[in-house]
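File shown: work.txt. Contents: compact mmCIF, C-alpha atoms.
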```
# COMPACT_ATOMS: atom_id res chain seq x y z
CA MET X 32 -6.09 27.48 4.38
CA HIS X 33 -7.48 24.03 5.05
CA GLU X 34 -10.67 25.33 6.64
CA MET X 35 -12.60 24.44 3.48
CA SER X 36 -11.86 20.74 3.88
CA ILE X 37 -12.54 20.96 7.61
CA ALA X 38 -15.91 22.59 6.86
CA GLN X 39 -16.67 19.81 4.36
CA SER X 40 -15.85 17.10 6.92
CA LEU X 41 -17.91 18.95 9.53
CA LEU X 42 -20.94 19.07 7.23
CA ASP X 43 -20.55 15.37 6.38
CA VAL X 44 -20.77 14.50 10.07
CA VAL X 45 -23.65 16.94 10.64
CA LYS X 46 -25.71 15.47 7.78
CA GLU X 47 -25.11 11.93 8.99
CA GLU X 48 -26.20 12.82 12.52
CA MET X 49 -29.30 14.60 11.16
CA ARG X 50 -30.27 11.47 9.21
CA LYS X 51 -29.86 9.35 12.33
CA ASN X 52 -32.11 11.71 14.29
CA ASN X 53 -34.65 12.16 11.47
CA ALA X 54 -34.02 15.89 11.55
CA THR X 55 -34.54 18.17 8.56
CA VAL X 56 -33.57 21.59 9.91
CA LEU X 57 -30.19 22.49 11.36
CA LYS X 58 -30.42 25.48 13.66
CA SER X 59 -26.94 25.45 15.11
CA VAL X 60 -23.92 23.30 15.69
CA LEU X 61 -21.35 23.71 18.46
CA ILE X 62 -17.78 22.64 17.88
CA HIS X 63 -14.69 22.59 20.05
CA ILE X 64 -11.43 23.83 18.55
CA GLY X 65 -8.28 23.03 20.51
CA GLN X 66 -5.82 25.87 20.93
CA LEU X 67 -3.06 23.75 19.38
CA SER X 68 -5.05 22.92 16.26
CA ALA X 69 -4.16 25.06 13.28
CA ILE X 70 -7.70 26.29 12.65
CA VAL X 71 -8.66 29.92 12.22
CA PRO X 72 -12.22 30.23 13.61
CA GLU X 73 -13.15 33.22 11.43
CA SER X 74 -12.01 31.39 8.34
CA LEU X 75 -13.91 28.22 9.28
CA SER X 76 -17.00 30.31 9.95
CA PHE X 77 -16.72 31.87 6.50
CA CYS X 78 -16.28 28.47 4.81
CA PHE X 79 -19.24 27.06 6.73
CA GLU X 80 -21.44 29.92 5.51
CA VAL X 81 -20.31 29.56 1.91
CA MET X 82 -20.90 25.82 1.90
CA THR X 83 -24.35 25.94 3.51
CA SER X 84 -25.78 28.87 1.56
CA GLY X 85 -28.27 27.73 -1.06
CA THR X 86 -28.58 24.30 0.56
CA GLU X 87 -31.07 22.82 3.01
CA LEU X 88 -28.70 23.86 5.80
CA GLU X 89 -28.75 27.55 4.91
CA GLY X 90 -29.04 29.82 7.95
CA ALA X 91 -27.52 27.31 10.38
CA LYS X 92 -25.29 28.90 12.98
CA LEU X 93 -21.80 27.65 13.68
CA ASN X 94 -20.78 28.16 17.31
CA MET X 95 -17.15 27.63 18.19
CA GLU X 96 -15.45 27.29 21.52
CA VAL X 97 -11.67 27.41 21.71
CA ILE X 98 -10.34 24.90 24.25
CA PRO X 99 -7.19 25.96 26.10
CA LEU X 100 -4.08 23.82 25.97
CA THR X 101 -3.61 21.98 29.27
CA GLY X 102 -1.30 19.21 30.38
CA ASN X 103 -0.35 16.93 33.21
CA CYS X 104 3.24 16.46 34.31
CA ARG X 105 4.15 12.76 34.49
CA LYS X 106 6.96 13.57 36.91
CA CYS X 107 5.10 15.50 39.64
CA ASP X 108 1.55 14.59 38.55
CA ARG X 109 0.23 18.15 38.56
CA SER X 110 -2.01 19.70 35.91
CA PHE X 111 -1.66 23.16 34.43
CA GLU X 112 -2.34 25.37 31.43
CA ILE X 113 0.41 25.13 28.82
CA LYS X 114 1.36 28.72 28.05
CA ASN X 115 3.09 29.88 24.86
CA TYR X 116 3.07 26.28 23.62
CA ALA X 117 5.95 25.47 25.98
CA PHE X 118 5.58 21.84 27.08
CA GLU X 119 7.35 22.31 30.38
CA CYS X 120 5.94 21.82 33.89
CA PRO X 121 5.75 25.18 35.74
CA PHE X 122 6.10 23.34 39.07
CA CYS X 123 9.05 20.98 38.59
CA ASP X 124 10.41 21.94 35.12
CA GLY X 125 9.67 18.38 33.91
CA THR X 126 9.23 17.97 30.16
CA ASP X 127 7.33 14.68 30.10
CA ILE X 128 3.92 16.26 29.65
CA GLU X 129 0.70 14.49 28.78
CA THR X 130 -1.61 16.77 26.81
CA LEU X 131 -5.03 16.84 28.49
CA SER X 132 -6.85 19.27 26.23
CA GLY X 133 -6.22 21.69 23.41
CA GLN X 134 -6.02 19.31 20.45
CA GLU X 135 -9.76 18.97 19.91
CA LEU X 136 -11.50 19.35 16.62
CA SER X 137 -14.90 17.94 17.40
CA ILE X 138 -18.62 18.44 17.12
CA VAL X 139 -20.15 18.63 20.57
CA GLU X 140 -23.79 19.51 20.13
CA MET X 141 -26.34 20.23 17.43
CA GLU X 142 -29.71 21.93 17.59
CA VAL X 143 -32.06 20.45 15.01
CA ASP X 144 -35.76 20.16 14.18
CA MET E 240 -34.22 19.61 19.80
CA LYS E 241 -30.67 19.47 21.08
CA VAL E 242 -28.53 16.52 20.16
CA SER E 243 -25.27 15.67 21.89
CA VAL E 244 -22.79 14.37 19.39
CA VAL E 245 -19.13 14.47 20.50
CA LYS E 246 -17.58 13.35 17.25
CA ASN E 247 -14.15 14.10 15.87
CA ILE E 248 -14.60 16.19 12.73
CA LEU E 249 -11.67 14.48 11.03
CA ALA E 250 -12.82 10.99 12.02
CA ALA E 251 -13.37 9.99 8.39
CA ASN E 252 -9.79 10.87 7.47
CA ASP E 253 -8.42 9.28 10.64
CA ARG E 254 -10.18 6.04 9.75
CA ILE E 255 -8.68 5.95 6.25
CA ALA E 256 -5.26 6.80 7.68
CA GLN E 257 -5.59 3.88 10.08
CA GLU E 258 -6.48 1.55 7.20
CA ASN E 259 -3.44 2.78 5.28
CA ARG E 260 -1.28 2.20 8.33
CA ALA E 261 -2.55 -1.37 8.63
CA ILE E 262 -1.49 -2.03 5.03
CA PHE E 263 1.98 -0.55 5.66
CA ASP E 264 2.38 -2.54 8.89
CA GLU E 265 1.44 -5.78 7.19
CA LYS E 266 4.21 -5.16 4.65
CA ASN E 267 6.68 -4.09 7.39
CA LEU E 268 7.02 -0.88 5.42
CA LEU E 269 8.25 2.21 7.26
CA VAL E 270 6.43 5.36 6.19
CA PHE E 271 7.16 8.94 7.07
CA ASN E 272 5.31 12.10 6.23
CA LEU E 273 7.73 14.87 5.20
CA MET E 274 6.58 18.42 5.80
CA SER E 275 8.02 21.94 5.57
CA SER E 276 7.31 25.33 4.07
CA PRO E 277 7.88 25.65 0.29
CA GLY E 278 11.55 25.72 -0.63
CA ALA E 279 12.96 24.40 2.67
CA GLY E 280 14.52 21.43 0.88
CA LYS E 281 12.14 18.46 1.04
CA THR E 282 12.88 17.15 -2.44
CA SER E 283 16.62 17.87 -2.12
CA LEU E 284 16.69 15.91 1.14
CA LEU E 285 14.99 12.96 -0.54
CA GLU E 286 17.36 13.02 -3.53
CA LYS E 287 20.36 12.97 -1.18
CA THR E 288 18.87 10.33 1.11
CA ILE E 289 17.89 8.00 -1.73
CA VAL E 290 21.35 8.19 -3.30
CA ALA E 291 23.13 7.72 0.05
CA LEU E 292 21.07 4.66 0.97
CA LYS E 293 20.58 3.10 -2.46
CA ASP E 294 22.79 0.07 -1.79
CA HIS E 295 20.95 -0.81 1.41
CA VAL E 296 17.40 0.52 1.22
CA ASN E 297 14.67 0.65 -1.43
CA ILE E 298 12.75 3.89 -1.14
CA GLY E 299 9.48 4.91 -2.80
CA VAL E 300 8.11 8.45 -2.80
CA ILE E 301 4.64 9.94 -3.02
CA GLU E 302 4.96 13.56 -4.10
CA GLY E 303 2.27 16.06 -3.17
CA ASP E 304 2.05 19.38 -4.95
CA ILE E 305 -0.71 21.73 -5.92
CA GLN E 306 0.44 21.59 -9.55
CA SER E 307 3.19 20.10 -11.77
CA SER E 308 5.12 16.84 -11.71
CA LYS E 309 8.54 18.49 -11.28
CA ASP E 310 9.26 16.85 -7.94
CA ALA E 311 8.32 13.33 -9.05
CA GLU E 312 10.58 13.81 -12.09
CA ARG E 313 13.47 14.82 -9.83
CA ILE E 314 12.96 11.73 -7.66
CA ALA E 315 12.62 9.47 -10.73
CA GLU E 316 16.06 10.69 -11.84
CA THR E 317 17.52 8.90 -8.80
CA GLY E 318 15.92 5.64 -9.95
CA ALA E 319 13.44 5.45 -7.09
CA PRO E 320 9.76 4.90 -7.87
CA ALA E 321 7.82 8.13 -7.46
CA VAL E 322 4.16 8.98 -7.89
CA GLN E 323 2.94 12.55 -8.15
CA ILE E 324 -0.31 13.71 -6.62
CA ASN E 325 -1.63 17.09 -7.76
CA THR E 326 -4.04 18.42 -5.19
CA GLY E 327 -5.30 21.09 -7.60
CA GLY E 328 -5.36 23.75 -4.90
CA ALA E 329 -5.66 21.84 -1.64
CA CYS E 330 -2.93 22.78 0.80
CA HIS E 331 -2.28 19.30 2.22
CA LEU E 332 -2.48 15.58 1.45
CA ASP E 333 -5.02 13.37 3.19
CA GLY E 334 -5.45 9.64 3.73
CA ASN E 335 -7.64 9.17 0.72
CA MET E 336 -5.22 10.77 -1.76
CA ILE E 337 -2.42 8.56 -0.48
CA ARG E 338 -4.52 5.43 -0.81
CA ASP E 339 -5.27 6.23 -4.45
CA THR E 340 -1.56 5.83 -5.30
CA PHE E 341 -1.08 2.36 -3.74
CA HIS E 342 -1.69 0.45 -6.98
CA GLU E 343 1.31 2.24 -8.51
CA PHE E 344 3.79 0.71 -6.02
CA ASP E 345 5.08 -2.75 -5.29
CA PHE E 346 5.23 -2.48 -1.50
CA ASP E 347 7.00 -5.84 -1.20
CA ALA E 348 9.97 -4.33 -3.04
CA LEU E 349 10.20 -1.30 -0.75
CA ASP E 350 11.73 -0.74 2.71
CA LEU E 351 10.67 2.86 3.08
CA LEU E 352 7.89 4.98 1.65
CA VAL E 353 8.11 8.75 1.99
CA VAL E 354 5.10 11.00 1.60
CA GLU E 355 6.38 14.43 0.59
CA ASN E 356 3.57 16.73 1.58
CA VAL E 357 2.53 20.01 -0.01
CA GLY E 358 4.88 22.83 1.04
CA ASN E 359 3.07 24.46 3.95
CA LEU E 360 3.92 24.83 7.65
CA VAL E 361 0.31 24.74 8.80
CA CYS E 362 -2.25 22.46 7.21
CA PRO E 363 -0.42 19.14 6.60
CA ALA E 364 0.14 18.73 10.35
CA GLU E 365 -3.60 18.36 10.87
CA PHE E 366 -4.17 15.42 8.51
CA LYS E 367 -2.81 11.93 9.15
CA VAL E 368 -2.07 9.80 6.10
CA GLY E 369 -1.12 6.55 7.85
CA GLU E 370 2.52 7.35 8.54
CA ASP E 371 4.69 5.89 11.32
CA PHE E 372 5.93 9.39 12.10
CA LYS E 373 6.29 12.89 10.76
CA VAL E 374 9.56 14.54 9.76
CA MET E 375 9.80 18.27 9.24
CA ILE E 376 12.45 20.54 7.75
CA LEU E 377 13.14 24.09 8.80
CA SER E 378 15.79 25.93 6.84
CA VAL E 379 17.93 28.55 8.55
CA THR E 380 16.73 31.24 6.13
CA GLU E 381 13.22 30.93 7.58
CA GLY E 382 14.20 32.16 11.03
CA GLU E 383 14.25 30.94 14.60
CA ASP E 384 10.77 32.23 15.46
CA LYS E 385 8.97 29.54 13.49
CA PRO E 386 8.43 26.98 16.31
CA ALA E 387 6.54 29.62 18.30
CA LYS E 388 4.57 30.73 15.25
CA TYR E 389 3.66 27.28 13.92
CA PRO E 390 3.60 25.12 17.06
CA LEU E 391 1.37 22.34 15.77
CA MET E 392 3.80 21.08 13.14
CA PHE E 393 6.75 21.10 15.57
CA HIS E 394 4.60 19.39 18.19
CA GLU E 395 3.45 16.64 15.83
CA SER E 396 6.87 15.83 14.33
CA ARG E 397 9.27 13.15 15.55
CA VAL E 398 12.24 14.61 13.69
CA LEU E 399 13.31 18.15 12.89
CA LEU E 400 15.93 18.63 10.20
CA ILE E 401 17.53 22.07 10.29
CA ASN E 402 18.60 22.53 6.67
CA LYS E 403 20.86 24.95 4.77
CA ILE E 404 23.36 25.29 7.63
CA ASP E 405 25.95 26.21 4.97
CA LEU E 406 24.13 29.58 4.79
CA LEU E 407 24.54 30.36 8.49
CA PRO E 408 27.35 32.92 7.92
CA TYR E 409 24.96 34.97 5.76
CA VAL E 410 21.76 34.97 7.82
CA ASP E 411 20.74 36.25 11.24
CA CYS E 412 19.74 32.92 12.61
CA SER E 413 21.01 30.86 15.52
CA VAL E 414 20.72 27.09 15.33
CA GLU E 415 20.85 27.01 19.13
CA ARG E 416 17.77 29.24 19.29
CA ILE E 417 15.94 27.00 16.81
CA ARG E 418 16.79 24.00 18.99
CA GLU E 419 15.64 25.73 22.18
CA GLU E 420 12.39 27.02 20.69
CA SER E 421 11.60 23.68 19.04
CA LEU E 422 12.27 21.63 22.16
CA LYS E 423 9.95 23.90 24.14
CA VAL E 424 7.07 22.96 21.85
CA ASN E 425 8.16 19.33 21.62
CA PRO E 426 10.72 18.07 24.17
CA ASP E 427 10.88 14.67 22.39
CA LEU E 428 12.05 16.02 19.02
CA THR E 429 15.09 14.37 17.44
CA ILE E 430 17.06 17.13 15.73
CA PHE E 431 19.66 16.94 12.96
CA GLU E 432 21.55 19.88 11.46
CA ILE E 433 22.14 19.33 7.76
CA SER E 434 23.07 20.93 4.49
CA CYS E 435 21.71 19.25 1.38
CA LYS E 436 24.05 21.49 -0.59
CA THR E 437 27.35 20.41 1.03
CA GLY E 438 26.19 17.07 2.44
CA GLU E 439 27.15 18.06 5.99
CA GLY E 440 25.18 16.21 8.66
CA LEU E 441 23.43 13.89 6.22
CA ASP E 442 25.31 10.79 7.47
CA ALA E 443 23.83 11.14 10.96
CA TRP E 444 20.32 11.49 9.53
CA CYS E 445 20.76 8.53 7.16
CA ASN E 446 22.12 6.32 9.93
CA TRP E 447 19.23 7.20 12.19
CA LEU E 448 16.80 6.44 9.38
CA LYS E 449 18.46 3.08 8.67
CA GLY E 450 17.92 2.17 12.32
CA GLU E 451 14.23 3.00 12.09
CA ILE E 452 13.83 0.97 8.89
CA LYS E 453 15.58 -1.99 10.47
CA ALA E 454 13.39 -1.77 13.56
CA LYS E 455 10.27 -2.13 11.43
CA ALA E 456 11.57 -4.70 8.93
```

Render the structure in this file as structure tokens.
Amino acid sequence: MHEMSIAQSLLDVVKEEMRKNNATVLKSVLIHIGQLSAIVPESLSFCFEVMTSGTELEGAKLNMEVIPLTGNCRKCDRSFEIKNYAFECPFCDGTDIETLSGQELSIVEMEVD
Amino acid sequence: MKVSVVKNILAANDRIAQENRAIFDEKNLLVFNLMSSPGAGKTSLLEKTIVALKDHVNIGVIEGDIQSSKDAERIAETGAPAVQINTGGACHLDGNMIRDTFHEFDFDALDLLVVENVGNLVCPAEFKVGEDFKVMILSVTEGEDKPAKYPLMFHESRVLLINKIDLLPYVDCSVERIREESLKVNPDLTIFEISCKTGEGLDAWCNWLKGEIKAKA
């Protein structure tokens, strides 16, 4: 249950970006959550609501997109979706896999006024 | 107005972890982050490792727990310097908490610093503290399905220690299955089978660790 500290870090970044853009109202924020990250979206959503209620950010919407885990095989140079967290190439059975996506935990876009 | 941001949410922690790492590197100090579920044997492993290596290696320990200083007291019994962090509820340690303990250690007198994280198979894997690598313990009583259920921690670790192998006759658990499932999630894992109770397998782990310490010294 580390979603509370993730929500806190998220709000720190949001507030900093709002200051930079001279914005006072946060309408929504879009974040990417990699499939491999150990974040429960519902729990993060709940923490976000708790931490914004009663503040100047109250009512802001948190939109989350889960990014699938994908990799590239260094042996045969083909890309694929990593299923069941098995880091093995479905084409050549190679296990030297570079992770391409699925480890994100990032803010992508904000809608502010 | 829409604003494109693209910023890592944990950037602040990552930055502090990097600063910690720079301090460790400057002192040629090897640091590993030790993680497992509660009761898998983190503190027992450290007690055994410290005693086994005490003539060759000076080890310091940062103990993370939600409450109590029991673990730091156990480590102090071995003669190694230990500092307890109480997170007061937080389920993991982060870069900042680690940094706050630095003034309690003389890094020049240490060859290895171990950060024993809060017992939890999920959250600690998400937060870097400045370590060279992560070590995790899975005990055979926890079951062979854990790599599939908690893939992040297995994926992020360099070493997996399979502990309590002395209990294998009494539990429905296959070490081979644990190996297979773990290597699926992380083909680069180095795996040791150990028993902190009987001491079996600890030599191999200690020798490996000595090699890593030497490589950074």

Please report, as a Markdown table, each residue of chain E lying at most 7 Å from chain X, together with the nearest pair of atoms and the separation in Å rounded to one decimal; use only C-alpha atoms, and order rows by chain and ascending residue number.
```
| residue | atom | partner | partner_atom | distance |
| --- | --- | --- | --- | --- |
| E:Met240 | CA | X:Val143 | CA | 5.3 |
| E:Lys241 | CA | X:Glu142 | CA | 4.4 |
| E:Val242 | CA | X:Met141 | CA | 5.1 |
| E:Ser243 | CA | X:Glu140 | CA | 4.5 |
| E:Val244 | CA | X:Val139 | CA | 5.1 |
| E:Val245 | CA | X:Val139 | CA | 4.3 |
| E:Lys246 | CA | X:Ile138 | CA | 5.2 |
| E:Asn247 | CA | X:Ser137 | CA | 4.2 |
| E:Ile248 | CA | X:Ser137 | CA | 5.0 |
| E:Leu249 | CA | X:Ser40 | CA | 6.4 |
| E:Cys330 | CA | X:His33 | CA | 6.4 |
| E:Val361 | CA | X:Ala69 | CA | 6.3 |
| E:Cys362 | CA | X:His33 | CA | 5.9 |
| E:Pro390 | CA | X:Tyr116 | CA | 6.7 |
| E:Leu391 | CA | X:Leu67 | CA | 5.9 |
| E:Lys423 | CA | X:Ala117 | CA | 4.7 |
| E:Val424 | CA | X:Ala117 | CA | 5.0 |
| E:Asn425 | CA | X:Phe118 | CA | 6.5 |
| E:Pro426 | CA | X:Thr126 | CA | 6.2 |
```

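Between CA of Asn325 in chain E and CA of Val354 in chain E lies a distance of 13.0 Å.
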
Around all the atoms of range 37-44 of chain X listed in the file, with 3 Å of room on each side, what axis-aligned box do you get, giving centre and edge lengths in Å to one decimal, as AutoDock Vina command-line options?
```
--center_x -16.7 --center_y 18.5 --center_z 7.2 --size_x 14.4 --size_y 14.1 --size_z 11.7
```

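Interatomic distance, CA of Ile417 in chain E against CA of Ile376 in chain E: 11.7 Å.
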
> If you count only C-alpha atoms, which residues fall within 8 Å of range 428-438 of chain E, apart from same-chain ones fewer than 5 positions away, as a VMD selection string?
Replying inline: chain E and resid 280 283 to 284 287 396 to 405 418 421 to 422 443 to 444
